[in-house]
Each structure stands twice: as C-alpha cells, then as structure tokens.
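One file, run-v1.csv, is given below (CSV, C-alpha atoms).
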```
chain,number,residue,atom,x,y,z
A,147,MET,CA,26.1,13.4,18.0
A,148,GLN,CA,29.5,11.7,17.9
A,149,ILE,CA,31.7,12.9,20.7
A,150,LYS,CA,35.5,12.5,20.1
A,151,THR,CA,37.0,15.2,22.4
A,152,PRO,CA,35.9,16.9,25.7
A,153,THR,CA,32.5,18.4,24.9
A,154,LEU,CA,30.3,20.5,27.1
A,155,LEU,CA,26.6,19.4,27.0
A,156,VAL,CA,23.6,21.5,28.0
A,157,ASP,CA,20.3,20.0,29.0
A,158,LYS,CA,17.9,22.6,27.7
A,159,LYS,CA,14.9,21.3,29.6
A,160,ARG,CA,16.7,21.7,32.9
A,161,CYS,CA,17.9,25.2,32.0
A,162,LEU,CA,14.4,26.3,31.1
A,163,LYS,CA,13.0,24.9,34.4
A,164,ASN,CA,15.8,26.8,36.3
A,165,ILE,CA,15.0,30.0,34.4
A,166,GLN,CA,11.2,29.5,35.0
A,167,LEU,CA,11.8,29.1,38.8
A,168,MET,CA,13.9,32.3,39.0
A,169,TRP,CA,11.5,34.3,36.7
A,170,ASP,CA,8.5,33.2,38.9
A,171,LYS,CA,10.3,34.2,42.1
A,172,ALA,CA,11.2,37.7,40.7
A,173,HIS,CA,7.6,38.3,39.6
A,174,GLN,CA,6.1,37.0,42.8
A,175,ASN,CA,8.3,39.6,44.6
A,176,GLN,CA,7.5,42.3,42.0
A,177,ILE,CA,11.2,42.8,41.3
A,178,GLU,CA,13.2,42.8,38.1
A,179,LEU,CA,15.2,39.8,37.0
A,180,ARG,CA,18.5,41.1,35.5
A,181,PRO,CA,20.4,37.7,35.0
A,182,HIS,CA,24.1,37.6,34.8
A,183,PHE,CA,25.2,36.3,31.4
A,184,LYS,CA,28.8,35.5,32.3
A,185,THR,CA,27.8,32.0,33.1
A,186,HIS,CA,26.7,30.9,29.6
A,187,GLN,CA,28.1,33.7,27.4
A,188,SER,CA,25.8,32.5,24.6
A,189,HIS,CA,23.4,34.3,22.3
A,190,GLN,CA,21.3,31.1,22.1
A,191,VAL,CA,20.9,30.8,25.9
A,192,GLY,CA,20.3,34.5,26.0
A,193,GLN,CA,17.3,33.9,23.7
A,194,TRP,CA,15.9,31.4,26.2
A,195,PHE,CA,15.8,34.2,28.8
A,196,ARG,CA,14.3,36.6,26.2
A,197,ASP,CA,11.5,34.1,25.6
A,198,PHE,CA,10.5,34.4,29.2
A,199,GLY,CA,10.4,38.2,29.0
A,200,VAL,CA,13.8,39.2,30.3
A,201,LYS,CA,14.8,42.6,28.9
A,202,LYS,CA,17.8,43.6,31.1
A,203,ILE,CA,21.0,41.7,31.7
A,204,THR,CA,24.2,41.8,33.6
A,205,VAL,CA,27.7,41.0,32.2
A,206,SER,CA,31.2,40.9,33.7
A,207,SER,CA,33.1,42.9,31.1
A,208,LEU,CA,32.7,45.5,28.4
A,209,PRO,CA,33.6,43.1,25.6
A,210,MET,CA,30.9,40.8,26.9
A,211,ALA,CA,28.5,43.8,26.9
A,212,ALA,CA,29.4,44.4,23.3
A,213,TYR,CA,28.9,40.7,22.4
A,214,PHE,CA,25.4,40.8,23.8
A,215,ALA,CA,24.6,44.2,22.4
A,216,GLU,CA,25.2,42.7,18.9
A,217,ASP,CA,22.3,40.3,19.7
A,218,GLY,CA,19.9,43.1,20.5
A,219,TRP,CA,20.3,43.5,24.2
A,220,ASN,CA,20.1,47.2,24.9
A,221,ASP,CA,20.0,47.5,28.8
A,222,ILE,CA,23.2,46.1,30.1
A,223,THR,CA,24.9,46.4,33.5
A,224,VAL,CA,28.6,45.6,33.7
A,225,ALA,CA,28.9,44.3,37.2
A,226,PHE,CA,32.6,45.0,37.6
A,227,PRO,CA,34.3,48.2,38.7
A,228,ALA,CA,34.6,50.5,35.7
A,229,ASN,CA,38.0,50.2,33.9
A,230,ILE,CA,38.9,53.7,32.7
A,231,LEU,CA,41.4,52.3,30.3
A,232,GLU,CA,38.5,51.0,28.2
A,233,ILE,CA,37.0,54.5,27.7
A,234,ASP,CA,36.8,54.1,23.9
A,235,LEU,CA,34.7,50.9,24.3
A,236,ILE,CA,32.6,52.6,27.0
A,237,ASN,CA,31.8,55.5,24.6
A,238,HIS,CA,31.1,53.1,21.7
A,239,LEU,CA,28.6,51.2,23.7
A,240,ALA,CA,27.0,54.2,25.5
A,241,ALA,CA,26.2,55.6,22.1
A,242,LYS,CA,24.2,52.5,21.2
A,243,ILE,CA,22.6,51.1,24.4
A,244,LYS,CA,21.6,51.9,27.9
A,245,LEU,CA,24.9,51.0,29.6
A,246,ASN,CA,25.3,50.9,33.4
A,247,LEU,CA,28.7,50.9,35.0
A,248,LEU,CA,29.9,50.4,38.6
A,249,VAL,CA,31.8,53.3,40.3
A,250,GLN,CA,33.3,53.3,43.8
A,251,SER,CA,35.9,56.0,43.6
A,252,LEU,CA,36.0,59.7,43.0
A,253,GLU,CA,39.0,59.2,40.7
A,254,THR,CA,36.9,57.0,38.3
A,255,LEU,CA,34.0,59.4,38.5
A,256,ALA,CA,36.2,62.4,37.6
A,257,PHE,CA,37.6,60.5,34.6
A,258,LEU,CA,34.2,59.5,33.3
A,259,LYS,CA,32.9,63.0,33.7
A,260,LYS,CA,35.8,64.4,31.6
A,261,ASN,CA,35.9,61.7,28.9
A,262,LEU,CA,32.4,60.4,28.3
A,263,THR,CA,30.8,61.3,25.0
A,264,SER,CA,27.3,59.8,25.7
A,265,PRO,CA,25.3,59.3,28.8
A,266,ILE,CA,25.7,56.2,31.0
A,267,GLY,CA,24.0,54.9,34.1
A,268,VAL,CA,26.1,54.6,37.2
A,269,PHE,CA,25.6,52.1,40.1
A,270,VAL,CA,27.5,52.8,43.3
A,271,LYS,CA,29.0,49.5,44.5
A,272,ILE,CA,28.2,48.5,48.2
A,273,ASP,CA,30.3,45.9,50.0
A,274,LEU,CA,27.8,43.4,51.4
A,275,GLY,CA,30.4,41.4,53.3
A,276,THR,CA,32.6,39.8,50.7
A,277,LYS,CA,35.4,42.3,51.4
A,278,ARG,CA,36.4,42.4,47.7
A,279,THR,CA,35.2,45.7,46.3
A,280,GLY,CA,32.6,48.2,47.3
A,281,ILE,CA,31.9,50.9,49.9
A,282,GLU,CA,30.8,50.2,53.4
A,283,ALA,CA,27.1,50.7,53.6
A,284,ASN,CA,27.3,53.2,56.6
A,285,ASN,CA,30.0,55.4,55.0
A,286,PHE,CA,27.4,58.1,54.1
A,287,GLU,CA,29.9,60.9,53.8
A,288,PHE,CA,31.7,59.1,50.9
A,289,LEU,CA,28.4,57.9,49.4
A,290,ASP,CA,27.1,61.4,49.4
A,291,ALA,CA,30.3,62.6,47.7
A,292,LEU,CA,29.8,60.0,44.9
A,293,THR,CA,26.1,60.6,44.4
A,294,LYS,CA,26.5,64.4,44.3
A,295,GLY,CA,29.3,64.0,41.9
A,296,ILE,CA,27.2,61.8,39.6
A,297,GLU,CA,24.3,64.4,39.8
A,298,ALA,CA,26.7,67.2,38.8
A,299,SER,CA,27.5,65.6,35.4
A,300,LYS,CA,25.3,65.8,32.4
A,301,GLN,CA,26.6,62.5,31.1
A,302,LEU,CA,26.1,60.4,34.3
A,303,VAL,CA,22.7,59.2,35.4
A,304,PHE,CA,22.5,57.8,38.9
A,305,SER,CA,21.1,54.2,38.6
A,306,GLY,CA,21.2,53.3,42.3
A,307,PHE,CA,23.2,51.0,44.6
A,308,LEU,CA,24.5,47.5,43.7
A,309,GLY,CA,25.9,44.8,45.8
A,310,HIS,CA,27.0,41.1,45.5
A,311,ALA,CA,27.0,38.8,48.6
A,312,GLY,CA,29.8,36.6,47.1
A,313,HIS,CA,30.6,35.2,50.5
A,314,SER,CA,27.5,33.1,50.1
A,315,TYR,CA,29.7,30.7,48.2
A,316,ALA,CA,31.3,29.7,51.5
A,317,ALA,CA,27.9,28.8,53.0
A,318,ARG,CA,26.9,25.2,53.6
A,319,GLY,CA,23.2,24.7,53.9
A,320,LEU,CA,20.1,26.8,54.2
A,321,GLU,CA,20.8,28.3,57.5
A,322,GLU,CA,24.2,29.7,56.4
A,323,ILE,CA,22.7,30.9,53.1
A,324,ARG,CA,20.0,32.7,55.1
A,325,ALA,CA,22.5,34.3,57.4
A,326,VAL,CA,24.5,35.7,54.5
A,327,HIS,CA,21.2,37.0,52.9
A,328,TYR,CA,20.0,38.9,56.0
A,329,GLU,CA,23.5,40.3,56.6
A,330,ALA,CA,23.4,41.6,53.0
A,331,MET,CA,19.9,42.9,53.3
A,332,GLU,CA,20.7,44.8,56.5
A,333,LYS,CA,23.6,46.5,54.8
A,334,MET,CA,21.5,47.5,51.8
A,335,ARG,CA,18.7,48.6,54.2
A,336,LEU,CA,21.0,51.2,55.7
A,337,VAL,CA,21.6,52.6,52.2
A,338,TYR,CA,17.9,52.4,51.2
A,339,ASP,CA,16.7,54.1,54.4
A,340,TYR,CA,19.2,56.9,54.0
A,341,TYR,CA,18.5,57.6,50.3
A,342,HIS,CA,15.0,56.5,49.3
A,343,ASN,CA,13.4,59.9,50.1
A,344,THR,CA,15.9,61.7,48.1
A,345,TYR,CA,15.6,59.3,45.2
A,346,PRO,CA,12.0,57.9,45.1
A,347,ASN,CA,12.8,55.7,42.2
A,348,LEU,CA,16.0,54.3,43.8
A,349,SER,CA,17.2,51.0,42.4
A,350,ILE,CA,18.6,48.5,44.8
A,351,SER,CA,20.3,45.6,43.0
A,352,ILE,CA,21.6,42.4,44.6
A,353,GLY,CA,22.6,39.2,43.0
A,354,ASP,CA,24.3,36.0,44.0
A,355,THR,CA,22.9,32.6,43.0
A,356,PRO,CA,22.7,30.9,46.5
A,357,THR,CA,20.6,33.6,48.2
A,358,CYS,CA,18.5,34.3,45.1
A,359,SER,CA,17.8,30.6,44.7
A,360,GLN,CA,16.9,29.9,48.3
A,361,MET,CA,15.5,33.1,49.8
A,362,ASN,CA,12.1,34.7,49.2
A,363,ASP,CA,12.3,37.9,51.3
A,364,PHE,CA,13.6,40.8,49.2
A,365,GLU,CA,11.5,43.7,50.6
A,366,PHE,CA,13.0,47.0,49.2
A,367,VAL,CA,15.2,45.3,46.5
A,368,THR,CA,14.2,46.3,43.0
A,369,GLU,CA,16.3,43.7,41.0
A,370,ILE,CA,18.2,40.5,41.4
A,371,ARG,CA,21.2,39.4,39.2
A,372,PRO,CA,21.9,35.7,39.7
A,373,GLY,CA,23.7,33.9,36.9
A,374,ASN,CA,24.9,30.4,37.8
A,375,PHE,CA,21.3,29.3,38.4
A,376,VAL,CA,20.8,28.7,34.7
A,377,PHE,CA,23.3,25.8,34.8
A,378,TYR,CA,24.1,25.2,38.5
A,379,ASP,CA,27.0,22.9,39.4
A,380,LEU,CA,28.6,20.9,42.2
A,381,MET,CA,29.6,24.0,44.0
A,382,GLN,CA,26.0,25.2,44.2
A,383,LEU,CA,24.9,21.8,45.2
A,384,GLN,CA,27.4,21.7,48.1
A,385,ILE,CA,26.3,25.2,49.2
A,386,GLY,CA,22.7,24.0,49.2
A,387,ALA,CA,21.5,26.3,46.4
A,388,CYS,CA,20.1,23.5,44.2
A,389,SER,CA,19.4,19.9,43.8
A,390,VAL,CA,21.5,17.5,41.7
A,391,GLN,CA,18.6,17.2,39.3
A,392,GLN,CA,18.9,21.0,38.5
A,393,ILE,CA,22.5,20.8,37.3
A,394,ALA,CA,22.1,21.4,33.6
A,395,VAL,CA,25.6,21.0,32.2
A,396,ALA,CA,28.0,18.0,32.0
A,397,LEU,CA,31.4,17.6,30.4
A,398,ALA,CA,31.5,14.6,28.1
A,399,CYS,CA,35.1,13.1,28.1
A,400,PRO,CA,36.7,10.1,26.3
A,401,ILE,CA,38.4,7.4,28.3
A,402,VAL,CA,42.0,7.1,27.1
A,403,ALA,CA,43.4,4.6,29.7
A,404,LEU,CA,42.3,2.1,32.3
A,405,HIS,CA,44.3,1.2,35.5
A,406,PRO,CA,42.2,-1.5,37.3
A,407,GLU,CA,45.1,-2.3,39.6
A,408,ARG,CA,44.6,1.1,41.3
A,409,ASN,CA,40.9,1.6,40.4
A,410,GLU,CA,41.6,4.6,38.2
A,411,ILE,CA,40.5,5.7,34.8
A,412,ILE,CA,42.3,8.4,32.7
A,413,ILE,CA,40.2,10.7,30.6
A,414,HIS,CA,40.9,13.4,28.1
A,415,GLY,CA,39.6,16.2,30.2
A,416,GLY,CA,41.9,18.3,32.4
A,417,GLY,CA,42.4,21.7,33.9
A,418,VAL,CA,42.1,23.4,30.5
A,419,HIS,CA,38.6,22.0,30.2
A,420,PHE,CA,37.1,21.8,33.7
A,421,SER,CA,39.3,24.6,35.3
A,422,LYS,CA,41.0,23.5,38.5
A,423,GLU,CA,38.1,24.5,40.8
A,424,VAL,CA,37.9,21.9,43.5
A,425,TYR,CA,35.8,21.2,46.6
A,426,LEU,CA,36.5,19.0,49.5
A,427,ASP,CA,34.0,16.2,49.6
A,428,ASN,CA,33.3,14.6,53.0
A,429,ASN,CA,33.7,11.1,51.5
A,430,TYR,CA,36.2,11.5,48.7
A,431,GLY,CA,38.5,14.4,49.6
A,432,SER,CA,39.5,16.6,46.7
A,433,CYS,CA,36.8,16.4,44.0
A,434,TYR,CA,36.9,18.0,40.5
A,435,GLY,CA,33.6,16.4,39.2
A,436,TRP,CA,31.1,13.7,39.6
A,437,ILE,CA,30.5,11.0,37.0
A,438,VAL,CA,26.8,10.5,36.2
A,439,GLU,CA,24.7,7.8,34.6
A,440,ASP,CA,24.4,8.2,30.9
A,441,ASP,CA,20.8,7.8,29.8
A,442,GLY,CA,21.3,8.5,26.1
A,443,ASN,CA,21.3,12.1,25.2
A,444,SER,CA,21.2,13.4,28.8
A,445,TRP,CA,22.3,12.0,32.1
A,446,SER,CA,20.7,11.0,35.4
A,447,THR,CA,22.0,10.4,38.9
A,448,PRO,CA,25.7,10.5,40.0
A,449,ILE,CA,27.4,7.1,40.3
A,450,SER,CA,28.3,6.5,43.9
A,451,GLY,CA,32.1,6.4,44.7
A,452,THR,CA,33.0,7.6,41.1
A,453,TYR,CA,34.5,11.0,40.8
A,454,VAL,CA,37.4,13.0,39.3
A,455,SER,CA,40.1,12.9,41.9
A,456,LYS,CA,43.0,14.6,40.0
A,457,LEU,CA,43.5,17.0,37.1
A,458,SER,CA,46.5,18.0,35.1
A,459,GLN,CA,46.5,20.2,32.0
A,460,GLU,CA,44.9,17.7,29.6
A,461,HIS,CA,44.4,14.6,31.8
A,462,GLY,CA,41.8,13.8,34.3
A,463,THR,CA,41.9,10.9,36.8
A,464,ILE,CA,38.6,9.2,37.8
A,465,SER,CA,38.7,7.2,41.0
A,466,CYS,CA,36.1,4.4,41.0
A,467,SER,CA,35.0,1.0,42.2
A,468,ASP,CA,36.0,-2.4,40.7
A,469,ALA,CA,32.4,-2.8,39.4
A,470,PHE,CA,32.5,0.5,37.5
A,471,ILE,CA,35.9,0.0,35.9
A,472,LYS,CA,34.9,-3.4,34.6
A,473,GLN,CA,32.1,-1.7,32.7
A,474,CYS,CA,34.5,0.8,31.0
A,475,ALA,CA,36.6,0.6,27.9
A,476,VAL,CA,39.1,2.8,26.1
A,477,GLY,CA,37.2,5.1,23.7
A,478,GLN,CA,34.1,5.1,25.9
A,479,ILE,CA,32.5,8.5,26.8
A,480,VAL,CA,31.8,9.4,30.4
A,481,LYS,CA,29.7,12.4,31.5
A,482,ILE,CA,30.9,14.5,34.4
A,483,LEU,CA,29.1,17.2,36.4
A,484,PRO,CA,31.6,20.2,36.9
A,485,VAL,CA,32.5,21.9,40.1
A,486,HIS,CA,32.1,25.4,38.7
A,487,ALA,CA,29.9,25.6,35.5
A,488,CYS,CA,30.9,29.3,34.8
A,489,MET,CA,34.6,28.5,34.7
A,490,THR,CA,34.1,25.3,32.6
A,491,ALA,CA,31.9,27.1,30.1
A,492,ASN,CA,34.3,29.9,29.8
A,493,LEU,CA,37.1,27.5,29.0
A,494,MET,CA,35.2,25.4,26.5
A,495,LYS,CA,33.8,28.3,24.5
A,496,GLN,CA,31.2,26.2,22.8
A,497,MET,CA,28.4,24.0,24.0
A,498,PHE,CA,26.0,21.4,22.5
A,499,THR,CA,22.5,20.8,23.6
A,500,THR,CA,21.8,17.1,24.4
A,501,ASP,CA,20.1,16.7,21.0
A,502,GLY,CA,23.4,17.8,19.3
A,503,SER,CA,22.7,21.4,18.4
A,504,LEU,CA,25.8,23.6,18.5
A,505,MET,CA,25.6,26.7,20.8
A,506,LYS,CA,28.4,29.2,20.0
A,507,MET,CA,29.7,31.4,22.8
A,508,MET,CA,31.6,34.6,23.1
A,509,PRO,CA,35.1,33.9,21.5
A,510,PHE,CA,38.3,34.5,23.3
A,511,ASN,CA,39.9,37.9,22.9
A,512,GLN,CA,37.1,39.3,20.8
A,513,SER,CA,37.9,43.0,20.3
A,514,TYR,CA,35.5,45.8,19.5
```

Would it be possible to restate this file's structure as structure tokens?
Amino acid sequence: MQIKTPTLLVDKKRCLKNIQLMWDKAHQNQIELRPHFKTHQSHQVGQWFRDFGVKKITVSSLPMAAYFAEDGWNDITVAFPANILEIDLINHLAAKIKLNLLVQSLETLAFLKKNLTSPIGVFVKIDLGTKRTGIEANNFEFLDALTKGIEASKQLVFSGFLGHAGHSYAARGLEEIRAVHYEAMEKMRLVYDYYHNTYPNLSISIGDTPTCSQMNDFEFVTEIRPGNFVFYDLMQLQIGACSVQQIAVALACPIVALHPERNEIIIHGGGVHFSKEVYLDNNYGSCYGWIVEDDGNSWSTPISGTYVSKLSQEHGTISCSDAFIKQCAVGQIVKILPVHACMTANLMKQMFTTDGSLMKMMPFNQSY
C-alpha cells in the first residue's frame, strides 16, 4: 500500500496471538471472556474475536453498543455509568439485544424503572480502588438498597457486580500489578461472600488489561473484560503487561523536514493522530512514541535512542542519533509505536492491516 498521510497499521498475526492468549486464559480458569471493544471499535476486529468463540462484549457507550449490535452482537455490556438522558437509545437497544447497564445510584435506578419499555440487565458498579466511580465493597446497606430496587422492577434483571481496577495503569512491573489485582480481588470477595448464597448464579465481572494479562488467579470471578490487550502499546509495555513483540499497532507517518543540526526529524503526525498521551521514559524523558525498524509490511524492534519527543496539533518531532538521521529523507515513512493504542485508534477512525486491507471503524458522532 502507498502511504501518504498518517496511517494506522494493524499486524493481524500479533492481534490473533494476543486474542488466543487471553481466550486460553479465560478457558483455563473456566470464566467468560467479555472483551472491551472500545480499543478497536471495528467490525472486522470484532469478527476475529467471534472466530475464537467470543459471544459477549463490552463497550464504553450506547452508540458503540448500537454500532456493534448492527454487526450481530446481541449480548453487550456498556461499562460506563448509565446516562439517563439517553433513555430513547437504551429502549431502542433493549428491544433488540440483551443490554447490560451499570447503575450505582438510586436516582438512576428510579428513572430506569419508570421509563424503560423493555428489560435490561443491571450490573452494580463496585469501586476496586480507582476512586473514580462505583460503590465501596463493604457498603452493604446501600448495595442492599440497589439490589432490592432492581428486584422490585419487572424491567430490570440483576446481572451481578462489576468493577475495573483502573489504577493498575499506575503499576510498574509484575509485583505492583499483582498488588493491584489482589486488592481488587479482596474487595470483590467481600461482595461475593455477602451475596452468593442469595444469588447462586451471581456474576462477578472484572476487567483491566494489566491484571488480566499477567495474573492467573481469578477464583470466584465469572468474567473478565480486558480490551487494550488486542493491540497493546507503550503504556502497557511500561506497566509490564506485555512484551514489545506483542504491540500490534503502529502509526505510519511521513517525514516532512530534517534538522540534522539538532538531531530532529519532523513528521506529519501530531496530537490529532497520536493523542497527547505521554509517559516519562527513564532515558528519554517525555516520550510520545517509539520508532521501530520497518521490515516491509510490518515492523520489528524499536530503534535505540529514536523516539517522538514533542507533539503539536499536526507536527511530531523525532529525536534521534546522527546515524539514524543520515538514513532518512523527506517523504520517507517511519513507523511508530503509540503510547496509548485506544486513544490513537479512536482519533484515526480507520486502520489498515499490514497487507493493505482497509478496516473501517465506528464513525465520529454516529447517531441512532
């Protein structure tokens, strides 16, 4: 394929290996894999999961649920607090598929009971330590009020308890990932122990990529919901969730200017393509991406000392060695591993496999 502008490339072989590993882990632990599709937002990538036998998925919004429902997915959890202002779309989807929503307030529950026209599943959100949304695991008085309120409605079906240990993204290395995992498991254990006799088929759903990638002890958990694992990225690499060989996406960008006097290369590829997600590298400081060796259609290892050091809206600055800049020319394409694949994919809104096949994604502002 002829690349002229910033282009997101997907290595299908790496994706399939990543999916296989997570699928095997779920089956070895006898739990459901309900992957989060916000990472790729693509019907084609969704089909790769379907080929493995995945039947249930997670999304981050109701429009995203509608997008994947169009492609035949009929058991979808929206892992975001239910937005009552979208009741029309909730009712539209609930009439067509098994829709699961997150509830953590009596106000939301009361609104849904009054305004739903079709049954939905309801997960109660538990705070596993991120301190973003969710109910404390030991707040049984409030949890009882929610579960009893769900049971009192003909249109609401209690699905179970759901949590996301998002603070695992601050972990660095296996020991810190393990600490987050066991903290989350202990919180969910409180809920499980309190409710599993009342609800023998209780669902316990957890799902962050670092712990799901590295941990193997899920005990009473019934499903996992990782998403970023299909692509991985530099953030996951820094956390310790993956190897660099597992990173399955790269942004291909044209070189538009060379500045050998300061060992910098300017690319067409800025914040509107990568996002401005950054991590602090021990050697380089602020890093927005790693340049990798181009081996034809795909890529291989990162090039030492060669990284994206600055981003503006359309421009990216690569800091590099004398040896590397001498190999480069204006108009040449460089391939770059992104810091956060989910954000990059969301901005690009289309991808190409390394053999040149277009993979469309959920369009911006799609309405239903």

Using only C-alpha atoms, find the one residue out of A:Thr344, A:Asn261, A:Ser207, A:Gln392 that sits nearest to Phe226 in chain A.
->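 Between A:Thr344, A:Asn261, A:Ser207, A:Gln392, the residue approaching Phe226 in chain A most closely is A:Ser207.
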
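Between CA of His189 in chain A and CA of Gly353 in chain A the separation is 21.3 Å.
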
Counting all atoms listed in the file, which of A:Pro406, A:His327, A:Ile203, A:Val156 gets nearest to Lys481 in chain A?
->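 Nearest candidate to Lys481 in chain A out of A:Pro406, A:His327, A:Ile203, A:Val156: A:Val156.
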
So how far away is CA of Ser359 in chain A from CA of Ala325 in chain A, in Å?
->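 Rounded to one decimal, the two atoms are 14.0 Å apart.
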
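Using only C-alpha atoms for every distance, the candidate list A:Glu365, A:Asp170, A:Glu423, A:Glu216 yields A:Glu423 as the residue closest to Ala487 in chain A.
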
Save range 483-497 of chain A to disk from that block, N, CA and C atoms included, as an mmCIF file, in the first residue's frame.
```cif
data_model
loop_
_atom_site.group_PDB
_atom_site.id
_atom_site.type_symbol
_atom_site.label_atom_id
_atom_site.label_comp_id
_atom_site.auth_asym_id
_atom_site.auth_seq_id
_atom_site.Cartn_x
_atom_site.Cartn_y
_atom_site.Cartn_z
ATOM 1 N N LEU A 483 5.371 3.152 17.362
ATOM 2 C CA LEU A 483 4.502 2.506 18.336
ATOM 3 C C LEU A 483 3.874 3.584 19.222
ATOM 4 N N PRO A 484 2.542 3.613 19.354
ATOM 5 C CA PRO A 484 1.893 4.669 20.141
ATOM 6 C C PRO A 484 1.954 4.407 21.637
ATOM 7 N N VAL A 485 1.804 5.467 22.402
ATOM 8 C CA VAL A 485 1.758 5.331 23.865
ATOM 9 C C VAL A 485 0.457 4.666 24.288
ATOM 10 N N HIS A 486 -0.666 5.102 23.727
ATOM 11 C CA HIS A 486 -1.977 4.582 24.120
ATOM 12 C C HIS A 486 -2.764 4.230 22.862
ATOM 13 N N ALA A 487 -2.820 2.949 22.545
ATOM 14 C CA ALA A 487 -3.436 2.486 21.301
ATOM 15 C C ALA A 487 -4.919 2.834 21.220
ATOM 16 N N CYS A 488 -5.638 2.766 22.355
ATOM 17 C CA CYS A 488 -7.075 3.061 22.336
ATOM 18 C C CYS A 488 -7.327 4.491 21.877
ATOM 19 N N MET A 489 -6.557 5.428 22.407
ATOM 20 C CA MET A 489 -6.737 6.831 22.050
ATOM 21 C C MET A 489 -6.342 7.086 20.602
ATOM 22 N N THR A 490 -5.244 6.479 20.171
ATOM 23 C CA THR A 490 -4.789 6.663 18.788
ATOM 24 C C THR A 490 -5.808 6.109 17.806
ATOM 25 N N ALA A 491 -6.301 4.905 18.063
ATOM 26 C CA ALA A 491 -7.297 4.301 17.172
ATOM 27 C C ALA A 491 -8.568 5.136 17.139
ATOM 28 N N ASN A 492 -8.990 5.651 18.285
ATOM 29 C CA ASN A 492 -10.194 6.464 18.349
ATOM 30 C C ASN A 492 -10.061 7.722 17.503
ATOM 31 N N LEU A 493 -8.874 8.313 17.490
ATOM 32 C CA LEU A 493 -8.648 9.516 16.691
ATOM 33 C C LEU A 493 -8.548 9.207 15.199
ATOM 34 N N MET A 494 -7.916 8.111 14.850
ATOM 35 C CA MET A 494 -7.679 7.815 13.436
ATOM 36 C C MET A 494 -8.958 7.362 12.719
ATOM 37 N N LYS A 495 -9.793 6.580 13.392
ATOM 38 C CA LYS A 495 -11.099 6.160 12.877
ATOM 39 C C LYS A 495 -11.045 5.260 11.641
ATOM 40 N N GLN A 496 -9.873 4.862 11.234
ATOM 41 C CA GLN A 496 -9.748 3.778 10.266
ATOM 42 C C GLN A 496 -8.349 3.179 10.403
ATOM 43 N N MET A 497 -8.240 1.910 10.035
ATOM 44 C CA MET A 497 -6.977 1.205 10.150
ATOM 45 C C MET A 497 -6.760 0.401 8.880
#
```
